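Engineer: Below is start-v2.cif; it holds mmCIF, C-alpha atoms.
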```
data_final
#
loop_
_atom_site.label_atom_id
_atom_site.label_comp_id
_atom_site.auth_asym_id
_atom_site.auth_seq_id
_atom_site.Cartn_x
_atom_site.Cartn_y
_atom_site.Cartn_z
CA MET W 12 24.22 100.19 -75.64
CA ASP W 13 25.47 102.44 -78.45
CA ASN W 14 28.10 100.48 -80.39
CA SER W 15 29.44 103.58 -82.12
CA LYS W 16 30.47 105.15 -78.79
CA ILE W 17 32.26 101.96 -77.77
CA GLU W 18 33.94 101.67 -81.19
CA SER W 19 35.11 105.30 -81.00
CA ALA W 20 36.52 104.86 -77.50
CA ILE W 21 38.33 101.62 -78.40
CA SER W 22 39.69 103.10 -81.64
CA ALA W 23 41.04 106.12 -79.74
CA THR W 24 42.64 103.78 -77.18
CA LEU W 25 44.28 101.71 -79.93
CA GLU W 26 45.51 104.63 -82.05
CA PRO W 27 48.79 105.31 -80.18
CA THR W 28 49.61 101.57 -80.11
CA GLY W 29 49.81 101.12 -83.90
CA PHE W 30 46.87 98.72 -83.86
CA GLU W 31 43.44 99.38 -85.24
CA LEU W 32 39.95 98.11 -84.56
CA VAL W 33 38.88 95.78 -87.36
CA ASP W 34 35.59 94.53 -85.99
CA LEU W 35 33.53 94.60 -82.83
CA ARG W 36 30.94 91.99 -81.94
CA MET W 37 28.63 91.92 -78.97
CA ALA W 38 26.98 88.86 -77.54
CA SER W 39 26.03 87.51 -74.14
CA HIS W 40 27.81 84.96 -71.97
CA ASN W 41 26.32 83.69 -68.70
CA GLY W 42 24.01 86.68 -68.60
CA LYS W 43 26.76 89.27 -69.00
CA PRO W 44 27.79 91.19 -72.10
CA LEU W 45 30.55 89.57 -74.15
CA LEU W 46 32.57 92.02 -76.19
CA GLN W 47 34.72 90.50 -78.95
CA VAL W 48 37.30 92.96 -80.25
CA PHE W 49 39.28 92.12 -83.40
CA VAL W 50 42.47 94.12 -83.92
CA ASP W 51 45.16 94.27 -86.58
CA ARG W 52 48.08 96.34 -87.79
CA GLU W 53 49.40 96.72 -91.29
CA GLN W 54 52.93 95.58 -90.48
CA GLY W 55 53.66 92.61 -88.26
CA GLY W 56 50.24 91.18 -87.56
CA VAL W 57 48.96 90.31 -84.09
CA ASN W 58 50.37 87.83 -81.61
CA LEU W 59 49.18 86.50 -78.25
CA ASP W 60 51.25 88.98 -76.23
CA ASP W 61 49.71 91.83 -78.24
CA CYS W 62 46.23 90.56 -77.42
CA GLY W 63 47.04 90.40 -73.71
CA SER W 64 48.49 93.89 -73.64
CA LEU W 65 45.64 95.35 -75.69
CA SER W 66 43.07 93.55 -73.54
CA SER W 67 44.35 95.46 -70.51
CA LYS W 68 44.20 98.79 -72.36
CA ILE W 69 40.74 98.15 -73.82
CA GLY W 70 39.43 96.90 -70.47
CA ALA W 71 40.67 100.07 -68.78
CA CYS W 72 38.99 102.15 -71.49
CA LEU W 73 35.67 100.33 -71.02
CA ASP W 74 35.88 100.71 -67.23
CA MET W 75 36.88 104.38 -67.36
CA ASN W 76 33.93 105.17 -69.64
CA ASP W 77 31.61 103.06 -67.48
CA PHE W 78 30.17 101.26 -70.51
CA TYR W 79 29.36 98.13 -68.50
CA ALA W 80 28.66 98.96 -64.85
CA ASN W 81 27.54 95.41 -64.05
CA GLY W 82 30.54 93.66 -65.57
CA TYR W 83 31.39 92.15 -68.93
CA PHE W 84 33.57 89.59 -70.66
CA LEU W 85 36.23 90.83 -73.07
CA GLU W 86 37.96 88.89 -75.82
CA VAL W 87 40.69 90.54 -77.89
CA SER W 88 42.03 88.69 -80.89
CA SER W 89 43.45 88.85 -84.36
CA PRO W 90 40.87 89.05 -87.16
CA GLY W 91 42.23 85.79 -88.60
CA ILE W 92 43.05 84.78 -92.15
CA ASP W 93 39.45 85.29 -93.22
CA ARG W 94 39.25 88.76 -91.70
CA VAL W 95 36.34 91.08 -92.18
CA ILE W 96 36.91 94.01 -94.52
CA LYS W 97 34.79 97.08 -93.77
CA LYS W 98 36.81 100.19 -94.43
CA GLU W 99 37.78 101.75 -97.74
CA LYS W 100 41.47 101.67 -96.82
CA ASP W 101 41.25 97.91 -96.19
CA PHE W 102 39.57 97.21 -99.52
CA LYS W 103 42.45 99.11 -101.12
CA ARG W 104 45.05 97.35 -98.93
CA PHE W 105 43.79 93.93 -100.02
CA THR W 106 43.44 94.70 -103.74
CA GLY W 107 44.17 91.52 -105.67
CA LYS W 108 43.15 89.25 -102.78
CA GLN W 109 40.25 86.83 -102.97
CA VAL W 110 37.14 87.78 -101.01
CA LYS W 111 33.69 86.48 -100.20
CA VAL W 112 31.04 89.20 -100.33
CA ARG W 113 27.60 88.71 -98.80
CA LEU W 114 25.02 91.29 -99.85
CA LYS W 115 22.04 92.63 -97.93
CA ARG W 116 19.79 91.99 -100.95
CA PRO W 117 20.24 89.73 -103.98
CA VAL W 118 21.83 91.15 -107.12
CA ASN W 119 21.19 89.16 -110.30
CA GLY W 120 19.59 86.46 -108.15
CA ALA W 121 22.53 85.96 -105.76
CA ARG W 122 23.51 87.34 -102.35
CA VAL W 123 27.01 85.80 -102.15
CA TYR W 124 29.85 86.56 -104.56
CA TYR W 125 33.46 85.37 -104.69
CA GLY W 126 36.29 87.07 -106.54
CA ALA W 127 39.45 89.11 -106.31
CA ILE W 128 39.27 92.75 -105.32
CA ASP W 129 39.98 94.77 -108.47
CA GLY W 130 39.47 98.12 -106.83
CA PHE W 131 37.50 100.39 -104.56
CA GLU W 132 36.51 103.92 -105.53
CA ASN W 133 33.72 106.31 -104.60
CA GLY W 134 32.22 103.87 -102.11
CA GLN W 135 32.05 101.07 -104.66
CA LEU W 136 33.83 97.70 -104.60
CA THR W 137 34.84 96.15 -107.92
CA LEU W 138 35.50 92.42 -108.05
CA SER W 139 37.24 90.46 -110.78
CA GLY W 140 35.03 90.21 -113.83
CA GLY W 141 33.84 93.79 -113.35
CA VAL W 142 31.12 93.02 -110.80
CA LYS W 143 30.47 96.12 -108.67
CA PHE W 144 28.74 96.68 -105.33
CA ASN W 145 28.08 99.81 -103.32
CA LEU W 146 29.52 99.63 -99.82
CA GLU W 147 26.09 100.22 -98.24
CA ASP W 148 24.74 97.13 -100.08
CA ILE W 149 27.39 94.83 -98.57
CA ASP W 150 26.34 92.92 -95.46
CA GLU W 151 29.81 91.44 -94.95
CA ALA W 152 33.03 91.13 -96.93
CA ARG W 153 35.78 88.74 -95.83
CA LEU W 154 39.12 87.63 -97.17
CA HIS W 155 38.74 84.20 -98.72
CA PRO W 156 42.24 82.79 -99.14
CA ALA W 157 42.86 79.73 -101.28
CA ASP W 158 44.06 76.56 -99.56
CA ASP W 159 47.60 76.94 -100.92
CA GLU W 160 47.79 80.49 -99.49
CA ILE W 161 46.69 79.18 -96.09
CA LEU W 162 49.31 76.42 -96.16
CA LYS W 163 52.04 78.89 -97.20
CA GLY W 164 51.00 81.27 -94.44
CA LYS W 165 50.35 84.20 -96.77
#
```
As structure tokens, what does this structure read like?
Structural biologist:
Amino acid sequence: MDNSKIESAISATLEPTGFELVDLRMASHNGKPLLQVFVDREQGGVNLDDCGSLSSKIGACLDMNDFYANGYFLEVSSPGIDRVIKKEKDFKRFTGKQVKVRLKRPVNGARVYYGAIDGFENGQLTLSGGVKFNLEDIDEARLHPADDEILKGK
């Protein structure tokens, strides 16, 4: 199955709703495909009612495009407080926030770095301390809030 076609279809379905696709994961559950869709919006976040409504829309999109003729399981949820960051606009949106960056290959002997996002330009992430990574070298970047931020609900 081509993930990019599914991502494009889901993104197009979400566009008029004010939500956006943050991440898409595929797995298997009881022998059927399990599609985990993580959605967000810049203002207001995501609640349980949103997930239910979006699940119906995304399910209809998957069915209409006949992506899974033999059935599937669908989970729609918020990306959580440790959300994945993949897109340039999100790196810019979360400038100043703490992140955990896992690289595809070690740089200076390490594959995992922690720091605040200082900026993102020309496909390159800059963390506090001036450490820079090209987007294509990043395996995964996630928000990494401090305990006091979690307790305050920030």
Engineer: Could you state which residues are captured by the PyMOL selection byres ((chain W and resi 17) around 12) in this file, as a PyMOL selection string?
Structural biologist: chain W and resi 12-16+18-24+32+34-37+46-48+69-70+72-79
Engineer: Name every residue that the PyMOL selection byres ((chain W and resi 61) around 12) selects in this structure, writing the answer as a list in words with chains first and numbers rising.
Structural biologist: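 Applied to this file, the PyMOL selection byres ((chain W and resi 61) around 12) selects Leu25, Thr28, Gly29, Phe30, Phe49, Val50, Asp51, Arg52, Gly55, Gly56, Val57, Asn58, Leu59, Asp60, Cys62, Gly63, Ser64, Leu65, Ser66, Ser67, Lys68, Ile69, Val87, Ser88 and Ser89 of chain W.
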Engineer: Using only C-alpha atoms, which residues sit within 8 Å of Thr106 in chain W once same-chain residues fewer than 2 positions away are excluded, as a PDB file with C-alpha atoms, in the frame of the given file?
Structural biologist:
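Output file out.pdb is given in full below:
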```
ATOM      1  CA  PHE W 102      39.570  97.210 -99.520  1.00  0.00           C
ATOM      2  CA  LYS W 103      42.450  99.110-101.120  1.00  0.00           C
ATOM      3  CA  ARG W 104      45.050  97.350 -98.930  1.00  0.00           C
ATOM      4  CA  LYS W 108      43.150  89.250-102.780  1.00  0.00           C
ATOM      5  CA  ALA W 127      39.450  89.110-106.310  1.00  0.00           C
ATOM      6  CA  ILE W 128      39.270  92.750-105.320  1.00  0.00           C
ATOM      7  CA  ASP W 129      39.980  94.770-108.470  1.00  0.00           C
ATOM      8  CA  GLY W 130      39.470  98.120-106.830  1.00  0.00           C
TER       9      GLY W 130
END
```
Engineer: Report, in Å with one decimal, the straight-line distance from CA of Glu147 in chain W to CA of Val123 in chain W.
Structural biologist: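 Separation between CA of Glu147 in chain W and CA of Val123 in chain W: 15.0 Å.
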Engineer: Hey, which of W:Ile149, W:Leu154, W:Leu136, W:Val33 ends up closest to Gln109 in chain W? Count all atoms listed in the file.
Structural biologist: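 The answer is W:Leu154, which sits nearest to Gln109 in chain W.
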Engineer: From the list W:Gly42, W:Pro27, W:Gly126, W:Pro156, which residue is nearest Lys143 in chain W when using all atoms listed in the file?
Structural biologist: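 Between W:Gly42, W:Pro27, W:Gly126, W:Pro156, the residue approaching Lys143 in chain W most closely is W:Gly126.
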Engineer: Just how far from CA of Val142 in chain W is CA of Pro117 in chain W, in Å to one decimal?
Structural biologist: 13.3 Å
Engineer: State, in Å with one decimal place, the distance from CA of Glu132 in chain W to CA of Gln54 in chain W.
Structural biologist: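 One can read the CA of Glu132 in chain W to CA of Gln54 in chain W distance as 23.8 Å.
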Engineer: Residue by residue, what does the PyMOL selection byres ((chain W and resi 124) around 7) grab here? Present the result as a tab-separated table (two decimals) with C-alpha atoms, in the frame of the given file.
Structural biologist:
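Output saved as out17.tsv:
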```
chain	number	residue	atom	x	y	z
W	111	LYS	CA	33.69	86.48	-100.20
W	112	VAL	CA	31.04	89.20	-100.33
W	113	ARG	CA	27.60	88.71	-98.80
W	122	ARG	CA	23.51	87.34	-102.35
W	123	VAL	CA	27.01	85.80	-102.15
W	125	TYR	CA	33.46	85.37	-104.69
W	126	GLY	CA	36.29	87.07	-106.54
```
Engineer: Name the closest residue to Leu45 in chain W among the candidates W:Ile92, W:Leu85, W:Val110, W:Leu146; distances are taken between atoms, counting all atoms listed in the file.
Structural biologist: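 Result for the nearest residue to Leu45 in chain W: W:Leu85.
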Engineer: Find the smallest box with edges along x, y and z containing every listed atom of range 32-37 of chain W, then add 4 Å on each side and report centre and edge lengths in Å to one decimal, as JSON.
Structural biologist:
```
{"center_x": 34.3, "center_y": 95.0, "center_z": -83.2, "size_x": 19.3, "size_y": 14.2, "size_z": 16.4}
```
